[in-house]
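Peer 1: Would you mind keeping the following structure in view while I ask a few things?
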Amino acid sequence: MATSFNQGKPYHGSDAVCAGKLQGATDTDYFYFFCSRCEGKHIVRLLDYEVRHEQAGNPYNDQLKSTAPKSFILAFKLHCEKCDLTDFVKIGNLGLQGGEFKHVIPG
Ligand SMILES: [Zn+2]
């Protein structure tokens, strides 16, 4: 039986995943997140996801060369089996549209 994302409780990524601390990489074309608390590149599990937002069109299409047919935000619940960190991260196309990351998060 399907349950609601995070049992319907409010959620937001903690400081452990903000400001460039959450990183990851691909193996084939799958992307994996690394625990931001553990040493090295310990891969975390994705326990759940939610479509937080989805609509046709994208407000940046008229400002950029490329066209995104939809606007979306996906939320993921992360968990590290090694240190028990549970956290959240979102991926979407309504935030930054390009540019150098060092101009967003210096250092
Ligand atoms: Zn960990």
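Convention: chains lettered A, B, ... in structure tokens order; per-chain residue numbering from 1; ligands numbered from 1 as shown.
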Please identify every polymer residue within 12 Å of ligand 1, using only C-alpha atoms and all ligand atoms, and present the set as a list in words.

Peer 2: Ala16, Val17, Leu22, Phe33, Phe34, Cys35, Ser36, Arg37, Cys38, Glu39, Gly40, Lys41, His42, Ile43, Val44, Arg45, Leu78, His79, Cys80, Glu81, Lys82, Cys83, Asp84, Leu85, Thr86 and Asp87 of chain A

Peer 1: Can you tell me which residues surround Thr67 of chain A at a distance of at most 10 Å, considering only C-alpha atoms, apart from same-chain residues fewer than 5 positions away, and format the answer as a VMD selection string?

Peer 2: chain A and resid 57 to 62

Peer 1: Would you please extract all strand (DSSP E) residues from segment 5-96 of chain A, as assigned by DSSP on the backbone, and give them as a PyMOL selection string?

Peer 2: chain A and resi 23-26+31-34+45-56+70-79+86-92
